[in-house]
Every structure is written in structure tokens, then in C-alpha cells.
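Here's entry_3.cif, which has mmCIF, C-alpha atoms:
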data_structure
#
loop_
_atom_site.group_PDB
_atom_site.id
_atom_site.type_symbol
_atom_site.label_atom_id
_atom_site.label_comp_id
_atom_site.auth_asym_id
_atom_site.auth_seq_id
_atom_site.Cartn_x
_atom_site.Cartn_y
_atom_site.Cartn_z
ATOM 1 C CA MET A 867 -1.783 5.501 35.713
ATOM 2 C CA PRO A 868 -5.249 4.306 34.824
ATOM 3 C CA SER A 869 -7.868 4.300 37.564
ATOM 4 C CA GLU A 870 -7.839 1.308 39.902
ATOM 5 C CA SER A 871 -11.051 -0.092 38.424
ATOM 6 C CA ARG A 872 -9.724 0.281 34.839
ATOM 7 C CA LEU A 873 -6.432 -1.311 35.869
ATOM 8 C CA ARG A 874 -8.193 -4.293 37.500
ATOM 9 C CA GLU A 875 -10.511 -4.756 34.525
ATOM 10 C CA GLY A 876 -7.663 -4.417 32.023
ATOM 11 C CA LEU A 877 -5.346 -6.766 33.905
ATOM 12 C CA ASP A 878 -8.143 -9.328 34.132
ATOM 13 C CA GLN A 879 -8.511 -9.161 30.339
ATOM 14 C CA VAL A 880 -4.745 -9.344 29.778
ATOM 15 C CA LEU A 881 -4.254 -12.249 32.184
ATOM 16 C CA ASN A 882 -7.293 -14.267 31.109
ATOM 17 C CA ALA A 883 -7.139 -13.872 27.332
ATOM 18 C CA GLN A 884 -6.707 -17.084 25.371
ATOM 19 C CA GLY A 885 -3.132 -18.312 24.944
ATOM 20 C CA ASP A 886 -2.970 -17.439 21.240
ATOM 21 C CA ARG A 887 -3.894 -13.806 21.906
ATOM 22 C CA ASN A 888 -1.485 -10.935 22.594
ATOM 23 C CA PRO A 889 -3.601 -8.572 24.701
ATOM 24 C CA VAL A 890 -2.597 -5.050 25.672
ATOM 25 C CA LEU A 891 -3.722 -2.636 28.380
ATOM 26 C CA ALA A 892 -2.755 0.884 27.310
ATOM 27 C CA TRP A 893 -3.026 4.304 28.949
ATOM 28 C CA PRO A 894 -1.303 7.610 28.100
ATOM 29 C CA GLY A 895 1.740 6.848 30.291
ATOM 30 C CA GLY A 896 2.388 3.227 29.398
ATOM 31 C CA GLU A 897 1.076 -0.166 28.456
ATOM 32 C CA ILE A 898 1.075 -3.730 29.673
ATOM 33 C CA ARG A 899 1.354 -6.455 27.039
ATOM 34 C CA ARG A 900 1.372 -10.237 27.282
ATOM 35 C CA TYR A 901 3.266 -12.609 25.046
ATOM 36 C CA ARG A 902 3.965 -16.290 25.690
ATOM 37 C CA MET A 903 2.649 -16.003 29.231
ATOM 38 C CA SER A 904 5.012 -13.148 30.170
ATOM 39 C CA LEU A 905 3.910 -9.609 30.980
ATOM 40 C CA TYR A 906 5.738 -6.567 29.621
ATOM 41 C CA LEU A 907 5.429 -3.086 31.136
ATOM 42 C CA LEU A 908 6.342 -0.632 28.385
ATOM 43 C CA ARG A 909 6.369 3.045 27.559
ATOM 44 C CA PRO A 910 3.738 3.960 24.963
ATOM 45 C CA MET A 911 4.999 3.054 21.512
ATOM 46 C CA ALA A 912 4.870 5.280 18.467
ATOM 47 C CA PRO A 913 2.911 3.836 15.556
ATOM 48 C CA ALA A 914 4.884 1.244 13.598
ATOM 49 C CA PRO A 915 6.562 2.511 10.420
ATOM 50 C CA ALA A 916 4.568 2.048 7.237
ATOM 51 C CA ALA A 917 5.333 -1.237 5.471
ATOM 52 C CA GLY A 918 6.129 0.611 2.238
ATOM 53 C CA GLU A 919 8.450 3.126 3.891
ATOM 54 C CA ARG A 920 11.951 3.134 2.385
ATOM 55 C CA LEU A 921 15.064 4.719 3.862
ATOM 56 C CA ALA A 922 18.559 4.900 2.372
ATOM 57 C CA LEU A 923 21.777 3.939 4.169
ATOM 58 C CA PRO A 924 25.126 4.401 2.378
ATOM 59 C CA ALA A 925 27.000 1.073 2.417
ATOM 60 C CA ARG A 926 30.178 2.292 4.087
ATOM 61 C CA ALA A 927 31.683 1.955 7.542
ATOM 62 C CA GLY A 928 30.494 4.676 9.889
ATOM 63 C CA ALA A 929 27.259 5.364 8.019
ATOM 64 C CA THR A 930 24.318 5.942 10.369
ATOM 65 C CA LEU A 931 20.584 6.192 9.891
ATOM 66 C CA ASP A 932 18.033 7.459 12.421
ATOM 67 C CA LEU A 933 14.961 5.277 11.934
ATOM 68 C CA GLY A 934 12.470 7.534 13.750
ATOM 69 C CA ASN A 935 9.217 6.246 15.295
ATOM 70 C CA GLY A 936 11.113 5.092 18.395
ATOM 71 C CA CYS A 937 12.824 2.401 16.294
ATOM 72 C CA GLY A 938 16.385 3.452 17.122
ATOM 73 C CA ARG A 939 19.275 3.946 14.736
ATOM 74 C CA LEU A 940 21.386 1.816 12.403
ATOM 75 C CA ARG A 941 25.145 2.093 12.122
ATOM 76 C CA LEU A 942 27.534 0.167 9.885
ATOM 77 C CA VAL A 943 30.793 -0.885 11.537
ATOM 78 C CA ARG A 944 33.883 -2.087 9.650
ATOM 79 C CA VAL A 945 34.709 -5.714 10.537
ATOM 80 C CA ARG A 946 36.554 -8.625 8.986
ATOM 81 C CA GLY A 947 35.084 -12.079 8.391
ATOM 82 C CA GLN A 948 31.554 -11.263 9.527
ATOM 83 C CA GLY A 949 28.554 -9.083 8.737
ATOM 84 C CA LEU A 950 27.597 -8.032 5.225
ATOM 85 C CA ALA A 951 30.361 -8.606 2.704
ATOM 86 C CA ALA A 952 31.463 -5.128 1.634
ATOM 87 C CA SER A 953 32.077 -6.433 -1.895
ATOM 88 C CA ARG A 954 28.475 -7.673 -2.264
ATOM 89 C CA ALA A 955 26.671 -4.735 -0.662
ATOM 90 C CA ALA A 956 25.008 -2.275 -3.000
ATOM 91 C CA PRO A 957 26.404 1.287 -2.825
ATOM 92 C CA VAL A 958 23.212 2.278 -1.014
ATOM 93 C CA ILE A 959 21.338 -0.136 1.233
ATOM 94 C CA THR A 960 17.565 0.264 1.242
ATOM 95 C CA VAL A 961 15.964 -0.086 4.665
ATOM 96 C CA LYS A 962 12.347 -1.239 4.729
ATOM 97 C CA TYR A 963 9.943 -2.826 7.190
ATOM 98 C CA ARG A 964 7.942 -6.027 6.980
ATOM 99 C CA SER A 965 5.040 -6.133 4.597
ATOM 100 C CA GLY A 966 4.606 -9.910 4.691
ATOM 101 C CA GLY A 967 5.939 -12.763 2.596
ATOM 102 C CA GLU A 968 9.657 -11.983 3.070
ATOM 103 C CA HIS A 969 12.108 -14.901 2.904
ATOM 104 C CA ILE A 970 15.757 -15.141 3.910
ATOM 105 C CA ARG A 971 18.375 -17.872 4.116
ATOM 106 C CA PRO A 972 20.288 -16.965 7.280
ATOM 107 C CA ALA A 973 24.035 -17.593 7.178
ATOM 108 C CA GLY A 974 24.707 -21.187 8.206
ATOM 109 C CA GLU A 975 21.284 -22.483 7.114
ATOM 110 C CA ALA A 976 20.650 -24.673 4.083
ATOM 111 C CA HIS A 977 17.328 -23.239 2.898
ATOM 112 C CA LYS A 978 15.394 -20.010 2.611
ATOM 113 C CA ARG A 979 12.818 -19.579 5.350
ATOM 114 C CA GLU A 980 9.820 -17.361 5.812
ATOM 115 C CA LEU A 981 10.804 -14.367 7.947
ATOM 116 C CA LYS A 982 7.521 -14.601 9.866
ATOM 117 C CA LYS A 983 8.414 -18.127 11.042
ATOM 118 C CA LEU A 984 12.005 -17.179 11.924
ATOM 119 C CA LEU A 985 10.786 -14.274 14.066
ATOM 120 C CA GLN A 986 8.289 -16.514 15.855
ATOM 121 C CA GLU A 987 10.926 -19.206 16.501
ATOM 122 C CA ARG A 988 13.354 -16.602 17.866
ATOM 123 C CA GLY A 989 10.623 -15.370 20.233
ATOM 124 C CA VAL A 990 10.548 -11.822 18.871
ATOM 125 C CA VAL A 991 7.641 -10.030 20.540
ATOM 126 C CA PRO A 992 4.791 -9.385 18.083
ATOM 127 C CA TRP A 993 4.672 -5.611 18.609
ATOM 128 C CA MET A 994 8.284 -5.301 17.448
ATOM 129 C CA ARG A 995 8.117 -7.506 14.341
ATOM 130 C CA GLY A 996 6.922 -4.650 12.121
ATOM 131 C CA ARG A 997 9.575 -2.325 13.587
ATOM 132 C CA ILE A 998 12.658 -4.409 12.795
ATOM 133 C CA PRO A 999 14.667 -2.867 9.949
ATOM 134 C CA LEU A 1000 15.145 -5.062 6.893
ATOM 135 C CA LEU A 1001 18.231 -4.237 4.817
ATOM 136 C CA TYR A 1002 18.053 -4.743 1.066
ATOM 137 C CA CYS A 1003 20.873 -4.701 -1.472
ATOM 138 C CA ASP A 1004 19.164 -3.973 -4.755
ATOM 139 C CA ASP A 1005 15.967 -6.025 -4.388
ATOM 140 C CA ALA A 1006 17.404 -8.852 -2.264
ATOM 141 C CA LEU A 1007 16.897 -9.092 1.503
ATOM 142 C CA ALA A 1008 20.499 -8.990 2.761
ATOM 143 C CA ALA A 1009 20.026 -8.679 6.536
ATOM 144 C CA VAL A 1010 17.510 -8.376 9.343
ATOM 145 C CA ALA A 1011 18.903 -5.846 11.826
ATOM 146 C CA GLY A 1012 20.004 -7.422 15.087
ATOM 147 C CA LEU A 1013 19.197 -10.954 13.950
ATOM 148 C CA TRP A 1014 20.450 -12.386 10.635
ATOM 149 C CA VAL A 1015 22.610 -11.801 7.582
ATOM 150 C CA ALA A 1016 21.546 -13.639 4.440
ATOM 151 C CA ALA A 1017 23.953 -16.425 3.473
ATOM 152 C CA GLU A 1018 24.577 -14.957 0.023
ATOM 153 C CA PHE A 1019 25.664 -11.636 1.558
ATOM 154 C CA VAL A 1020 27.733 -12.765 4.552
ATOM 155 C CA ALA A 1021 31.434 -11.917 4.563
ATOM 156 C CA GLY A 1022 33.894 -14.804 4.232
ATOM 157 C CA PRO A 1023 36.530 -15.535 6.913
ATOM 158 C CA ALA A 1024 39.105 -12.977 5.731
ATOM 159 C CA GLU A 1025 36.763 -10.690 3.805
ATOM 160 C CA ALA A 1026 36.001 -7.059 4.649
ATOM 161 C CA GLY A 1027 32.540 -6.777 6.135
ATOM 162 C CA LEU A 1028 30.035 -4.321 7.529
ATOM 163 C CA ARG A 1029 28.400 -5.256 10.816
ATOM 164 C CA VAL A 1030 24.926 -3.792 11.198
ATOM 165 C CA ARG A 1031 24.512 -2.244 14.652
ATOM 166 C CA TRP A 1032 20.968 -1.487 15.683
ATOM 167 C CA ASP A 1033 21.097 0.834 18.685
ATOM 168 C CA ASP A 1034 18.546 2.484 20.979
ATOM 169 C CA HIS A 1035 15.595 0.314 20.021
ATOM 170 C CA PRO A 1036 13.015 -1.257 22.329
ATOM 171 C CA PRO A 1037 13.719 -4.898 23.300
ATOM 172 C CA ILE A 1038 12.694 -7.442 20.682
ATOM 173 C CA VAL A 1039 12.612 -10.607 22.839
#

Encoding of this model in C-alpha cells:
Amino acid sequence: MPSESRLREGLDQVLNAQGDRNPVLAWPGGEIRRYRMSLYLLRPMAPAPAAGERLALPARAGATLDLGNGCGRLRLVRVRGQGLAASRAAPVITVKYRSGGEHIRPAGEAHKRELKKLLQERGVVPWMRGRIPLLYCDDALAAVAGLWVAAEFVAGPAEAGLRVRWDDHPPIV
């Protein structure tokens, strides 16, 4: 724990920062963050993955990928009528992280939307936005792990699909 004086000073800064700020009080054993007027007590987080980092995940049921950096692991599960349509998935799915400017049309929505806005609307905490795996088939954003599948990649009602499971990751909301 930080010293009592450091803790008081840090909490004062966290609690009294302007509403549009996302302050953090960090020490070697943990951190306190604020977002939307809620406080979060967290273990120290590893640095976010590099925006240009690319990982490969074979597009088949049972495939797993350890993401490293405390970001958990992805696993593809065979399903029917949901998830990524197996017929439209590339043989190898490329996993990347946000670099800015990404757009997706979530299944059930009429238009493409900026990923940044979707994450804000969903209430995804800012420190996790750069740690959420983005799944690409060829060069198209096909899914955002734990959140959305792009409309053009979603499996139809009776179609074989691959559900993206994102396990062992820190909370995102």
C-alpha cells in the first residue's frame, strides 16, 4: 500500500478531478481508477498491447490463442445460428488491437458505426479499450471479442458458426 499521506493526496486527486477525466492512483501492488463517477480497485495492469501487434487464430472450433499482457485468451466454440459464420471466416483470423478509426456494423444494426463511439456507449472502461481483441477476416473487422459480430459475418439461423469466447480477461464494464 502507498503511505497514508500519498493515499490521501492521491484519493483527493482521483475524487476531485473534473468529470471528463479518468484519473488513476497507482502503486506497485495496485491502482485505483475512476470512470463515470465509479471507483475501481485493480491489480496493476501490464502495458496495453501495441496497436500494430498481430496474432493469428485458426478459424476452427476449439482453436485457442493466449493474448498475453494480462489480456486473457480467445477460444472459438462451434455453435449453430450465432457467432461468426464458419463459411465466411477466413482460414486464419487475424487478431489486432485498436489503433483508432475502426468501424463496424454490429449484427442487427442498419449502419456502420465508429468503434470508439460504440465502446463509449456500452460503458467499456477506458483502460480496457486498447486491450479488447479485434478479429479480422482478411482486412475486414469481423468481430470485437466479448461485444459484437459484424453483420456481414454473423451466422444465419441454421448456419454453422464460431462463437468467440474471451476468457480470463479483466472486466471491461

- Task: Starting from the displayed file, determine the output of the PyMOL selection byres ((chain A and resi 899) around 8) and express the residue list as a PyMOL selection string.
- Result: chain A and resi 880+888-891+897-898+900-901+905-908

- Message: So the first atom is CA of Ile970 (chain A) and the second is CA of Leu1000 (chain A); what is the distance between them in Å, to one decimal place?
- Response: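 Result for CA of Ile970 (chain A) versus CA of Leu1000 (chain A): 10.5 Å, one decimal.
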
- Task: One decimal, Å: what's the distance from CA of Gly885 (chain A) over to CA of Glu980 (chain A), could you say?
- Result: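 Computing the Euclidean distance for CA of Gly885 (chain A) and CA of Glu980 (chain A) yields 23.1 Å.
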
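We find CA of Pro972 (chain A) and CA of Asn935 (chain A) to be spaced 26.9 Å apart.
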
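When you apply the PyMOL selection byres ((chain A and resi 911) around 9) to this structure, what comes back is Gly896, Glu897, Leu908, Arg909, Pro910, Ala912, Pro913, Ala914, Asn935 and Gly936 of chain A.
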
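Proximity of A:Ser871, A:Gln879, A:Thr930, A:Ser965 to Val1030 (chain A), computed with all atoms listed in the file, is greatest for A:Thr930.
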
- Query: Out of A:Cys937, A:Leu877, A:Ala1008, A:Val991, which residue has the shortest atom-to-atom distance to Val1039 (chain A) when counting all atoms listed in the file?
  - Reply: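 Answer, going by the shortest atom-to-atom distance: A:Val991.
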
- Task: For Tyr963 (chain A), list every protein, DNA or RNA residue within 12 Å, evaluated using all atoms listed in the file, and leave out those in the same chain fewer than 2 positions away; present the list as a PyMOL selection string.
- Result: chain A and resi 914-921+933+937+960-961+965-968+981+994-1002+1007+1009-1011

List the residues matched by the PyMOL selection byres ((chain A and resi 1021) around 6) in the displayed structure as a short mmCIF file (atom, residue, chain, number, x, y, z; two decimals) with C-alpha atoms, keeping the file's coordinate frame, ordered by chain and then by residue number.
data_model
loop_
_atom_site.label_atom_id
_atom_site.label_comp_id
_atom_site.auth_asym_id
_atom_site.auth_seq_id
_atom_site.Cartn_x
_atom_site.Cartn_y
_atom_site.Cartn_z
CA GLY A 947 35.08 -12.08 8.39
CA GLN A 948 31.55 -11.26 9.53
CA GLY A 949 28.55 -9.08 8.74
CA LEU A 950 27.60 -8.03 5.22
CA ALA A 951 30.36 -8.61 2.70
CA VAL A 1020 27.73 -12.76 4.55
CA GLY A 1022 33.89 -14.80 4.23
CA GLU A 1025 36.76 -10.69 3.80
CA GLY A 1027 32.54 -6.78 6.14
#

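Residues with any atom within 12 Å of Ala976 (chain A), counting only C-alpha atoms and excluding same-chain neighbours fewer than 6 positions away, are Ile970, Ala1016, Ala1017 and Glu1018 of chain A.
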
- Task: Check the smallest atom-to-atom distance from each of A:Gly876, A:Cys1003, A:Ala1026, A:Pro957 to Arg944 (chain A) using all atoms listed in the file, then report the winner.
- Result: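 The shortest atom-to-atom distance to Arg944 (chain A) comes from A:Ala1026.
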
- Message: For a quick check of understanding, using all atoms listed in the file, which of A:Arg939, A:Pro992, A:Leu1028, A:Arg964 has the smallest distance to Arg887 (chain A)?
- Response: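 So, comparing all the options, the nearest one is A:Pro992.
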
- Query: Using all atoms listed in the file, which of A:Pro924, A:Gly934, A:Pro1036, A:Gly974 sits nearest Ala955 (chain A)?
  - Reply: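 Between A:Pro924, A:Gly934, A:Pro1036, A:Gly974, the residue approaching Ala955 (chain A) most closely is A:Pro924.
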